[in-house]
$ cat target_1.cif   # mmCIF, C-alpha atoms
data_data
loop_
_atom_site.label_atom_id
_atom_site.label_comp_id
_atom_site.auth_asym_id
_atom_site.auth_seq_id
_atom_site.Cartn_x
_atom_site.Cartn_y
_atom_site.Cartn_z
CA MET A 230 91.37 122.46 100.84
CA LYS A 231 92.01 121.71 97.19
CA GLU A 232 89.48 119.75 95.10
CA ALA A 233 91.91 116.86 94.51
CA GLU A 234 92.68 116.62 98.20
CA ARG A 235 88.99 116.59 99.08
CA GLY A 236 88.35 113.82 96.54
CA ARG A 237 91.19 111.74 97.97
CA LEU A 238 89.89 112.25 101.50
CA ASP A 239 86.37 111.26 100.37
CA GLU A 240 87.75 107.94 99.07
CA GLN A 241 89.80 107.37 102.20
CA PHE A 242 86.83 108.00 104.47
CA ALA A 243 84.54 105.82 102.31
CA PHE A 244 86.98 102.99 103.02
CA ILE A 245 87.30 103.92 106.71
CA ARG A 246 83.50 103.82 107.07
CA GLU A 247 83.21 100.55 105.16
CA ILE A 248 85.73 98.69 107.32
CA ASP A 249 83.61 99.39 110.40
CA ARG A 250 81.79 96.22 109.30
CA GLU A 251 84.81 94.11 110.28
CA LYS A 252 83.59 94.55 113.87
CA PHE A 253 80.58 92.38 113.02
CA ILE A 254 82.55 89.46 111.54
CA GLY A 255 82.42 86.77 114.22
CA ARG A 256 85.14 84.24 114.84
CA GLN A 257 85.06 80.88 116.64
CA THR A 258 87.37 81.95 119.47
CA TYR A 259 85.90 82.66 122.91
CA LEU A 260 87.14 85.73 124.75
CA SER A 261 88.38 85.28 128.31
CA GLY A 262 85.42 84.53 130.54
CA ALA A 263 83.97 82.61 127.56
CA LEU A 264 80.79 84.71 127.56
CA ARG A 265 81.03 85.67 123.93
CA LYS A 266 83.16 85.04 120.88
CA GLU A 267 85.66 87.39 119.32
CA ASN A 268 85.23 89.48 116.18
CA ASP A 269 87.79 90.19 113.48
CA ALA A 270 88.59 93.75 114.58
CA GLU A 271 89.32 92.65 118.14
CA HIS A 272 91.44 89.80 116.82
CA ALA A 273 93.44 92.17 114.60
CA TRP A 274 94.03 94.60 117.46
CA HIS A 275 95.22 91.82 119.75
CA MET A 276 97.65 90.47 117.14
CA ALA A 277 99.03 93.95 116.48
CA VAL A 278 99.84 94.46 120.18
CA MET A 279 101.30 90.95 120.33
CA THR A 280 103.58 91.78 117.40
CA LEU A 281 104.84 94.90 119.20
CA LEU A 282 105.86 92.68 122.12
CA LEU A 283 106.89 89.41 120.50
CA SER A 284 108.75 90.45 117.34
CA GLU A 285 112.00 89.67 119.15
CA TYR A 286 111.18 85.96 118.71
CA ALA A 287 110.89 86.03 114.92
CA ASN A 288 113.31 83.57 113.28
CA GLU A 289 114.45 86.29 110.90
CA GLU A 290 114.49 90.01 111.62
CA ILE A 291 111.17 91.61 110.69
CA ASP A 292 109.92 95.10 109.90
CA VAL A 293 107.41 95.59 112.71
CA LEU A 294 105.30 98.28 111.01
CA HIS A 295 105.04 96.18 107.86
CA THR A 296 103.97 93.13 109.87
CA ILE A 297 101.43 95.07 111.93
CA SER A 298 100.01 96.69 108.78
CA MET A 299 99.47 93.24 107.30
CA LEU A 300 97.73 92.00 110.44
CA LEU A 301 95.51 95.07 110.72
CA ILE A 302 94.10 94.78 107.22
CA HIS A 303 94.32 91.17 106.01
CA ASP A 304 90.95 90.06 107.42
CA LEU A 305 89.00 92.88 105.74
CA VAL A 306 88.17 90.50 102.90
CA GLU A 307 85.90 88.68 105.37
CA ILE A 308 83.50 91.64 105.24
CA ASP A 309 82.34 90.13 101.95
CA ALA A 310 83.67 86.57 102.17
CA GLY A 311 82.84 85.82 105.82
CA ASP A 312 85.08 84.10 108.36
CA THR A 313 86.15 80.64 107.27
CA TYR A 314 86.69 78.48 110.34
CA ALA A 315 90.15 76.91 110.46
CA TYR A 316 88.72 73.38 110.48
CA ASP A 317 85.80 73.79 108.03
CA GLU A 318 87.16 71.86 105.04
CA ALA A 319 84.16 72.49 102.76
CA ALA A 320 84.24 76.27 103.17
CA LYS A 321 87.99 76.31 102.73
CA LYS A 322 87.59 75.05 99.14
CA THR A 323 85.87 78.22 97.95
CA GLN A 324 87.71 80.55 100.33
CA GLY A 325 90.42 81.66 97.88
CA GLU A 326 88.09 82.87 95.15
CA ARG A 327 85.62 84.50 97.58
CA GLU A 328 88.42 86.40 99.27
CA ARG A 329 90.08 87.53 96.06
CA ARG A 330 86.87 89.14 94.85
CA ALA A 331 86.41 90.77 98.24
CA ALA A 332 89.95 92.18 98.16
CA ASP A 333 89.28 93.71 94.74
CA ARG A 334 86.16 95.47 95.96
CA ILE A 335 87.20 96.56 99.44
CA TYR A 336 90.78 97.73 98.86
CA GLY A 337 89.45 99.21 95.60
CA LEU A 338 87.50 101.81 97.58
CA LEU A 339 90.77 103.57 98.40
CA PRO A 340 92.76 105.98 96.22
CA GLU A 341 94.64 103.80 93.74
CA ASP A 342 98.09 104.05 95.38
CA GLN A 343 96.80 103.07 98.81
CA GLY A 344 94.42 100.42 97.44
CA LYS A 345 97.35 98.73 95.69
CA LYS A 346 99.48 98.93 98.84
CA LEU A 347 96.84 97.23 100.97
CA TYR A 348 96.00 94.66 98.30
CA ASP A 349 99.70 93.77 98.09
CA LEU A 350 99.91 93.45 101.89
CA TRP A 351 96.91 91.12 101.86
CA LEU A 352 98.49 89.03 99.07
CA GLU A 353 101.81 88.95 100.92
CA PHE A 354 100.06 87.52 103.98
CA GLU A 355 98.31 84.92 101.83
CA GLU A 356 101.51 83.88 100.04
CA ARG A 357 103.46 83.50 103.27
CA LYS A 358 106.88 83.93 101.75
CA THR A 359 108.44 86.97 103.44
CA PRO A 360 109.73 86.94 107.03
CA GLU A 361 106.96 89.43 107.89
CA ALA A 362 104.22 87.24 106.42
CA LYS A 363 105.61 84.17 108.16
CA PHE A 364 105.62 85.97 111.50
CA ALA A 365 102.13 87.39 110.89
CA ARG A 366 100.91 83.82 110.36
CA VAL A 367 102.40 82.86 113.74
CA MET A 368 100.34 85.61 115.35
CA ASP A 369 97.23 84.54 113.44
CA ASN A 370 97.58 80.99 114.75
CA ILE A 371 98.85 81.62 118.26
CA GLN A 372 96.43 84.39 119.29
CA PRO A 373 93.33 82.14 119.12
CA MET A 374 95.29 79.24 120.61
CA MET A 375 96.20 81.43 123.57
CA LEU A 376 92.53 82.41 124.06
CA ASN A 377 91.35 78.82 123.66
CA ALA A 378 93.78 77.81 126.39
CA ALA A 379 92.64 80.74 128.58
CA THR A 380 89.03 79.54 128.26
CA ASP A 381 89.78 75.92 129.20
CA GLY A 382 89.67 74.73 125.61
CA LYS A 383 85.97 75.53 125.17
CA ALA A 384 86.20 76.25 121.43
CA TRP A 385 88.30 73.12 120.82
CA GLU A 386 85.78 70.95 122.70
CA GLU A 387 82.80 72.58 120.98
CA HIS A 388 84.20 71.67 117.57
CA GLY A 389 85.71 68.32 118.62
CA VAL A 390 89.10 69.45 117.34
CA ALA A 391 91.78 66.76 117.14
CA LEU A 392 95.49 67.15 117.77
CA SER A 393 96.27 66.22 114.15
CA GLN A 394 94.15 69.16 112.94
CA ILE A 395 96.01 71.64 115.12
CA LEU A 396 99.39 70.25 114.14
CA GLY A 397 98.36 70.25 110.48
CA ARG A 398 97.26 73.85 110.61
CA ASN A 399 100.49 74.79 112.35
CA ALA A 400 102.83 72.75 110.17
CA ARG A 401 104.50 75.96 108.99
CA THR A 402 104.20 78.00 112.20
CA PRO A 403 107.82 77.20 113.22
CA GLU A 404 108.96 78.92 109.98
CA GLY A 405 107.96 82.23 111.51
CA SER A 406 109.06 81.68 115.08
CA LYS A 407 110.45 78.47 116.48
CA VAL A 408 110.48 79.94 120.01
CA LEU A 409 106.80 80.92 119.96
CA TRP A 410 105.74 77.61 118.46
CA ASP A 411 107.60 75.71 121.19
CA TYR A 412 106.01 77.90 123.83
CA ALA A 413 102.51 77.47 122.37
CA ARG A 414 102.84 73.72 122.10
CA GLU A 415 104.03 73.44 125.68
CA HIS A 416 101.65 75.97 127.30
CA PHE A 417 98.53 75.99 125.15
CA ILE A 418 98.28 72.63 123.39
CA GLN A 419 99.83 70.06 125.74
CA PRO A 420 97.78 70.87 128.89
CA ASN A 421 94.54 70.77 126.89
CA LEU A 422 95.51 67.52 125.24
CA GLU A 423 96.19 66.01 128.67
CA ALA A 424 92.85 67.35 129.97
CA GLY A 425 91.03 65.72 127.04
CA ARG A 426 89.81 69.04 125.60
CA ILE A 427 91.78 68.44 122.42
CA ARG A 428 90.98 65.03 120.97
CA ASP A 429 94.11 62.89 121.01
CA ASP A 430 94.16 61.05 117.67
CA SER A 431 97.92 60.54 117.66
CA LYS A 432 97.61 56.96 118.92
CA SER A 433 94.59 55.87 116.89
CA PRO A 434 95.05 52.71 114.80
CA ARG A 435 95.42 53.23 111.05
CA MET B 1144 114.19 77.19 125.59
CA LYS B 1145 116.28 78.79 128.33
CA GLU B 1146 114.77 79.47 131.78
CA ALA B 1147 115.17 83.26 131.41
CA GLU B 1148 113.48 83.22 128.03
CA ARG B 1149 110.61 81.15 129.40
CA GLY B 1150 110.17 83.60 132.31
CA ARG B 1151 110.11 86.55 129.93
CA LEU B 1152 107.55 84.83 127.72
CA ASP B 1153 105.42 84.02 130.78
CA GLU B 1154 105.31 87.73 131.65
CA GLN B 1155 104.57 88.73 128.07
CA PHE B 1156 101.71 86.24 127.79
CA ALA B 1157 100.32 87.24 131.21
CA PHE B 1158 99.99 90.76 129.77
CA ILE B 1159 98.62 89.48 126.45
CA ARG B 1160 95.93 87.51 128.30
CA GLU B 1161 95.10 90.44 130.59
CA ILE B 1162 94.54 92.91 127.77
CA ASP B 1163 91.82 90.67 126.34
CA ARG B 1164 89.62 92.56 128.81
CA GLU B 1165 89.91 95.73 126.70
CA LYS B 1166 87.33 94.07 124.41
CA PHE B 1167 84.75 94.47 127.18
CA ILE B 1168 85.31 98.19 127.78
CA GLY B 1169 82.34 99.89 126.18
CA ARG B 1170 82.42 103.31 124.60
CA GLN B 1171 79.61 105.75 123.78
CA THR B 1172 80.06 105.56 120.00
CA TYR B 1173 77.56 103.59 117.93
CA LEU B 1174 78.92 101.34 115.20
CA SER B 1175 77.49 101.73 111.71
CA GLY B 1176 73.93 100.43 111.69
CA ALA B 1177 73.66 101.80 115.26
CA LEU B 1178 72.74 98.38 116.66
CA ARG B 1179 75.42 98.37 119.30
CA LYS B 1180 78.19 100.54 120.69
CA GLU B 1181 81.88 100.15 120.13
CA ASN B 1182 84.46 98.74 122.52
CA ASP B 1183 88.00 99.97 123.15
CA ALA B 1184 89.74 97.22 121.18
CA GLU B 1185 87.63 97.88 118.08
CA HIS B 1186 88.26 101.61 118.47
CA ALA B 1187 92.03 101.07 118.72
CA TRP B 1188 92.07 98.84 115.64
CA HIS B 1189 90.08 101.37 113.64
CA MET B 1190 92.41 104.24 114.61
CA ALA B 1191 95.48 102.18 113.75
CA VAL B 1192 94.18 101.52 110.23
CA MET B 1193 93.22 105.18 109.90
CA THR B 1194 96.75 106.20 110.83
CA LEU B 1195 98.18 103.94 108.10
CA LEU B 1196 96.03 105.79 105.59
CA LEU B 1197 95.90 109.35 106.90
CA SER B 1198 99.42 110.01 108.23
CA GLU B 1199 100.07 112.05 105.08
CA TYR B 1200 97.86 114.79 106.54
CA ALA B 1201 99.85 115.25 109.76
CA ASN B 1202 101.04 118.86 110.17
CA GLU B 1203 104.53 117.63 110.97
CA GLU B 1204 106.07 114.41 109.70
CA ILE B 1205 105.30 111.50 112.03
CA ASP B 1206 106.78 108.08 112.74
CA VAL B 1207 103.83 105.86 111.79
CA LEU B 1208 104.84 102.82 113.87
CA HIS B 1209 105.35 104.99 116.94
CA THR B 1210 101.94 106.63 116.45
CA ILE B 1211 100.16 103.32 115.87
CA SER B 1212 101.86 101.78 118.92
CA MET B 1213 100.54 104.65 121.04
CA LEU B 1214 97.02 104.20 119.70
CA LEU B 1215 97.04 100.44 120.18
CA ILE B 1216 97.95 100.55 123.86
CA HIS B 1217 96.88 103.90 125.34
CA ASP B 1218 93.35 102.82 126.29
CA LEU B 1219 94.49 99.76 128.23
CA VAL B 1220 94.31 101.82 131.42
CA GLU B 1221 90.54 101.70 131.01
CA ILE B 1222 90.59 98.00 131.94
CA ASP B 1223 90.91 99.25 135.53
CA ALA B 1224 89.77 102.87 135.24
CA GLY B 1225 86.80 102.41 132.89
CA ASP B 1226 85.94 104.55 129.88
CA THR B 1227 85.43 108.19 130.77
CA TYR B 1228 82.93 109.72 128.37
CA ALA B 1229 84.25 112.82 126.64
CA TYR B 1230 81.48 115.00 128.06
CA ASP B 1231 81.19 113.55 131.59
CA GLU B 1232 82.73 116.41 133.59
CA ALA B 1233 82.43 114.73 137.02
CA ALA B 1234 84.21 111.54 135.95
CA LYS B 1235 86.89 113.55 134.20
CA LYS B 1236 87.98 115.06 137.54
CA THR B 1237 89.21 111.72 138.90
CA GLN B 1238 90.27 110.32 135.55
CA GLY B 1239 93.96 111.23 135.80
CA GLU B 1240 94.63 109.51 139.10
CA ARG B 1241 92.54 106.43 138.23
CA GLU B 1242 94.36 105.99 134.95
CA ARG B 1243 97.84 106.49 136.42
CA ARG B 1244 97.28 103.70 138.91
CA ALA B 1245 95.95 101.49 136.12
CA ALA B 1246 99.00 102.18 133.96
CA ASP B 1247 101.28 101.15 136.82
CA ARG B 1248 99.52 97.85 137.28
CA ILE B 1249 98.82 96.86 133.68
CA TYR B 1250 102.05 97.86 131.94
CA GLY B 1251 103.80 96.52 135.06
CA LEU B 1252 102.78 92.99 134.09
CA LEU B 1253 105.34 93.08 131.28
CA PRO B 1254 109.11 92.49 131.48
CA GLU B 1255 110.58 95.74 132.81
CA ASP B 1256 111.99 97.04 129.50
CA GLN B 1257 108.72 96.57 127.65
CA GLY B 1258 106.59 97.77 130.55
CA LYS B 1259 108.56 101.01 130.61
CA LYS B 1260 108.27 101.39 126.86
CA LEU B 1261 104.49 101.07 126.92
CA TYR B 1262 104.11 103.26 130.01
CA ASP B 1263 106.14 105.95 128.25
CA LEU B 1264 103.98 105.66 125.13
CA TRP B 1265 100.86 106.06 127.26
CA LEU B 1266 102.34 109.09 128.99
CA GLU B 1267 103.39 110.58 125.65
CA PHE B 1268 99.80 110.31 124.42
CA GLU B 1269 98.53 111.94 127.61
CA GLU B 1270 101.05 114.80 127.45
CA ARG B 1271 100.30 115.53 123.81
CA LYS B 1272 103.57 117.24 123.02
CA THR B 1273 105.20 115.23 120.25
CA PRO B 1274 104.00 115.29 116.63
CA GLU B 1275 103.04 111.62 117.03
CA ALA B 1276 100.96 112.29 120.15
CA LYS B 1277 99.27 115.26 118.51
CA PHE B 1278 98.34 113.17 115.51
CA ALA B 1279 97.20 110.27 117.69
CA ARG B 1280 94.83 112.71 119.43
CA VAL B 1281 93.40 113.68 116.05
CA MET B 1282 92.61 110.01 115.41
CA ASP B 1283 91.12 109.63 118.89
CA ASN B 1284 88.76 112.54 118.27
CA ILE B 1285 87.94 112.03 114.62
CA GLN B 1286 87.25 108.28 114.64
CA PRO B 1287 84.17 108.58 116.93
CA MET B 1288 83.08 111.75 115.14
CA MET B 1289 83.15 109.86 111.83
CA LEU B 1290 81.03 107.05 113.32
CA ASN B 1291 78.63 109.49 114.95
CA ALA B 1292 78.12 111.12 111.57
CA ALA B 1293 77.69 107.68 109.92
CA THR B 1294 74.94 106.85 112.42
CA ASP B 1295 73.01 110.10 111.88
CA GLY B 1296 74.32 111.67 115.06
CA LYS B 1297 72.61 109.15 117.35
CA ALA B 1298 75.24 109.32 120.12
CA TRP B 1299 75.29 113.15 119.98
CA GLU B 1300 71.50 113.29 120.28
CA GLU B 1301 71.40 110.69 123.04
CA HIS B 1302 73.72 112.79 125.17
CA GLY B 1303 72.38 116.17 124.07
CA VAL B 1304 75.84 117.24 123.01
CA ALA B 1305 76.27 120.93 122.14
CA LEU B 1306 78.52 122.43 119.49
CA SER B 1307 80.57 124.25 122.13
CA GLN B 1308 81.41 120.92 123.78
CA ILE B 1309 82.67 119.43 120.53
CA LEU B 1310 84.66 122.53 119.68
CA GLY B 1311 86.06 122.63 123.22
CA ARG B 1312 87.18 119.03 123.09
CA ASN B 1313 88.75 119.63 119.70
CA ALA B 1314 90.40 122.95 120.50
CA ARG B 1315 93.82 121.37 119.94
CA THR B 1316 92.89 118.94 117.14
CA PRO B 1317 94.24 121.31 114.43
CA GLU B 1318 97.68 121.06 116.12
CA GLY B 1319 97.90 117.49 114.84
CA SER B 1320 96.30 117.91 111.43
CA LYS B 1321 94.74 121.05 110.10
CA VAL B 1322 93.54 119.21 106.97
CA LEU B 1323 91.73 116.48 108.89
CA TRP B 1324 90.16 118.95 111.29
CA ASP B 1325 88.83 121.03 108.38
CA TYR B 1326 87.46 117.89 106.75
CA ALA B 1327 85.82 116.68 109.97
CA ARG B 1328 84.22 120.05 110.66
CA GLU B 1329 82.83 120.25 107.17
CA HIS B 1330 81.72 116.60 106.74
CA PHE B 1331 80.93 115.35 110.23
CA ILE B 1332 80.00 118.33 112.39
CA GLN B 1333 78.35 120.86 110.07
CA PRO B 1334 75.68 118.54 108.54
CA ASN B 1335 74.66 117.30 111.99
CA LEU B 1336 74.52 120.80 113.36
CA GLU B 1337 72.25 121.80 110.50
CA ALA B 1338 70.08 118.73 111.07
CA GLY B 1339 69.71 119.66 114.75
CA ARG B 1340 71.46 116.51 116.00
CA ILE B 1341 74.20 118.58 117.57
CA ARG B 1342 72.71 121.26 119.81
CA ASP B 1343 73.57 124.68 118.42
CA ASP B 1344 74.52 126.81 121.42
CA SER B 1345 76.66 129.22 119.41
CA LYS B 1346 73.89 131.82 119.19
CA SER B 1347 72.50 131.52 122.73
CA PRO B 1348 72.36 134.74 124.74
CA ARG B 1349 74.98 135.10 127.47
#
$ encode --input "target_1.cif" --output "structure tokens"
Amino acid sequence: MKEAERGRLDEQFAFIREIDREKFIGRQTYLSGALRKENDAEHAWHMAVMTLLLSEYANEEIDVLHTISMLLIHDLVEIDAGDTYAYDEAAKKTQGERERRAADRIYGLLPEDQGKKLYDLWLEFEERKTPEAKFARVMDNIQPMMLNAATDGKAWEEHGVALSQILGRNARTPEGSKVLWDYAREHFIQPNLEAGRIRDDSKSPR
Amino acid sequence: MKEAERGRLDEQFAFIREIDREKFIGRQTYLSGALRKENDAEHAWHMAVMTLLLSEYANEEIDVLHTISMLLIHDLVEIDAGDTYAYDEAAKKTQGERERRAADRIYGLLPEDQGKKLYDLWLEFEERKTPEAKFARVMDNIQPMMLNAATDGKAWEEHGVALSQILGRNARTPEGSKVLWDYAREHFIQPNLEAGRIRDDSKSPR
């Protein structure tokens, strides 16, 4: 093994060891059975498999490897910045800056070419402009929704989530996949709204 | 949404819900910090990211998406068959039949075309003939080795693992990547052998 190759491998494995910490970043979603909540690594794995199966429903044709790559690595910034809950408005204000600094440090552990590639993938996800990023966002929103529905809306009830919050968060979900958004609304949101597990604020007086 | 499309989505989401159980399949590898052991979903995620970064070291050129797909889904059989520890010789005798039945049931939840695709990927991993399967096996062996080394060989010590067992299990690892096998031997195995955390049975009398 040449010296340069060994040095490159050392950097790659420093990153590979570091990202083990993603398995300790907790999310607000309950796993089926509702005995414990999900972590970021489990979430990323689940979305990657979902993309393999559901890419056929993307509004525009997507590069599946590119989309999966984005989903596998975009939450790594939470190793430093922590998980920001979808409906925590205070934390969301500082989220951008915290995550940018984290991206610099974490992707910066890699050899420069690969660090730049992963940083760009993370930024692409954040900017939500490409067909791949739009579809990745669908996965990021629908995966927890699917688990919330599978656990009788426990996470929604626990946080007193209102319909308007879910619809607000998903305002751009149909840009990635109209079919999946329709399915999610019908199968995940509507039954839990009717069961009172999602707070119905659509009829509240102004 | 057409009826056929809805039926297909119902099957896809039945599978997507079912595989949530992979997050409860425990492995013998300790995560960094050694506070708890890894589960199959975390393991799959970690290997997928590793493949993104390390595919350049494959002996033969590999299709990265194909390899990652294999790694993301091949352990799903353990939802029914359980994790078989690498050095549990009794359990390994029944492993093949248990896992084949599991593959039939679990991949069978999907629409037929996708079920067949995933079953074939699982079988390809098992048969270890293609460049992608050979490289996927490298990931499957090196990821836990890397974590064992990062946790001062705790899992090796706990199970009293001997050098001959590790070398036996990895007899075909160089077929997928000579570079990564050399690196793993030098950085993960050798230091732990010298520290007495891997039992050195290479000099024992016959």
$ interface_residues --input "target_1.cif" --of "chain B" --to "chain A" --cutoff "9 Å" --atoms "all atoms listed in the file" --output "VMD selection string"
chain B and resid 1144 1149 1152 1155 to 1156 1159 to 1164 1166 1174 to 1175 1181 to 1189 1191 to 1193 1195 to 1197 1207 to 1209 1211 to 1212 1215 to 1216 1257 1289 to 1290 1293 1322 to 1323 1325 to 1326
$ closest_residue --input "target_1.cif" --among "A:Arg357, A:Arg256, A:Arg237, A:His303" --to "Ala331 (chain A)" --atoms "all atoms listed in the file"
A:His303
$ atom_distance --input "target_1.cif" --atom1 "CA of Asp1295 (chain B)" --atom2 "CA of Arg1342 (chain B)"
13.7 Å
$ atom_distance --input "target_1.cif" --atom1 "CA of Asn377 (chain A)" --atom2 "CA of Asn421 (chain A)"
9.2 Å
$ atom_distance --input "target_1.cif" --atom1 "CA of Lys1145 (chain B)" --atom2 "CA of Pro373 (chain A)"
25.0 Å
$ closest_residue --input "target_1.cif" --among "A:Glu404, A:Asp317, A:Asp309, A:Asp304" --to "Lys358 (chain A)" --atoms "all atoms listed in the file"
A:Glu404
$ residues_around --input "target_1.cif" --residues "Trp1299 (chain B)" --least-positions-apart "4" --cutoff "8 Å" --atoms "all atoms listed in the file" --output "list in words"
Asn1291, Gly1303, Val1304, Arg1340 and Ile1341 of chain B
$ resolve_selection --input "target_1.cif" --expression "the PyMOL selection byres ((chain B and resi 1205) around 10)" --output "ChimeraX atom specification"
/B:1198-1204,1206-1210,1273-1279,1319
$ closest_residue --input "target_1.cif" --among "A:Asn399, A:Ser406, A:Asn370, A:Ser393" --to "Asp429 (chain A)" --atoms "only C-alpha atoms"
A:Ser393
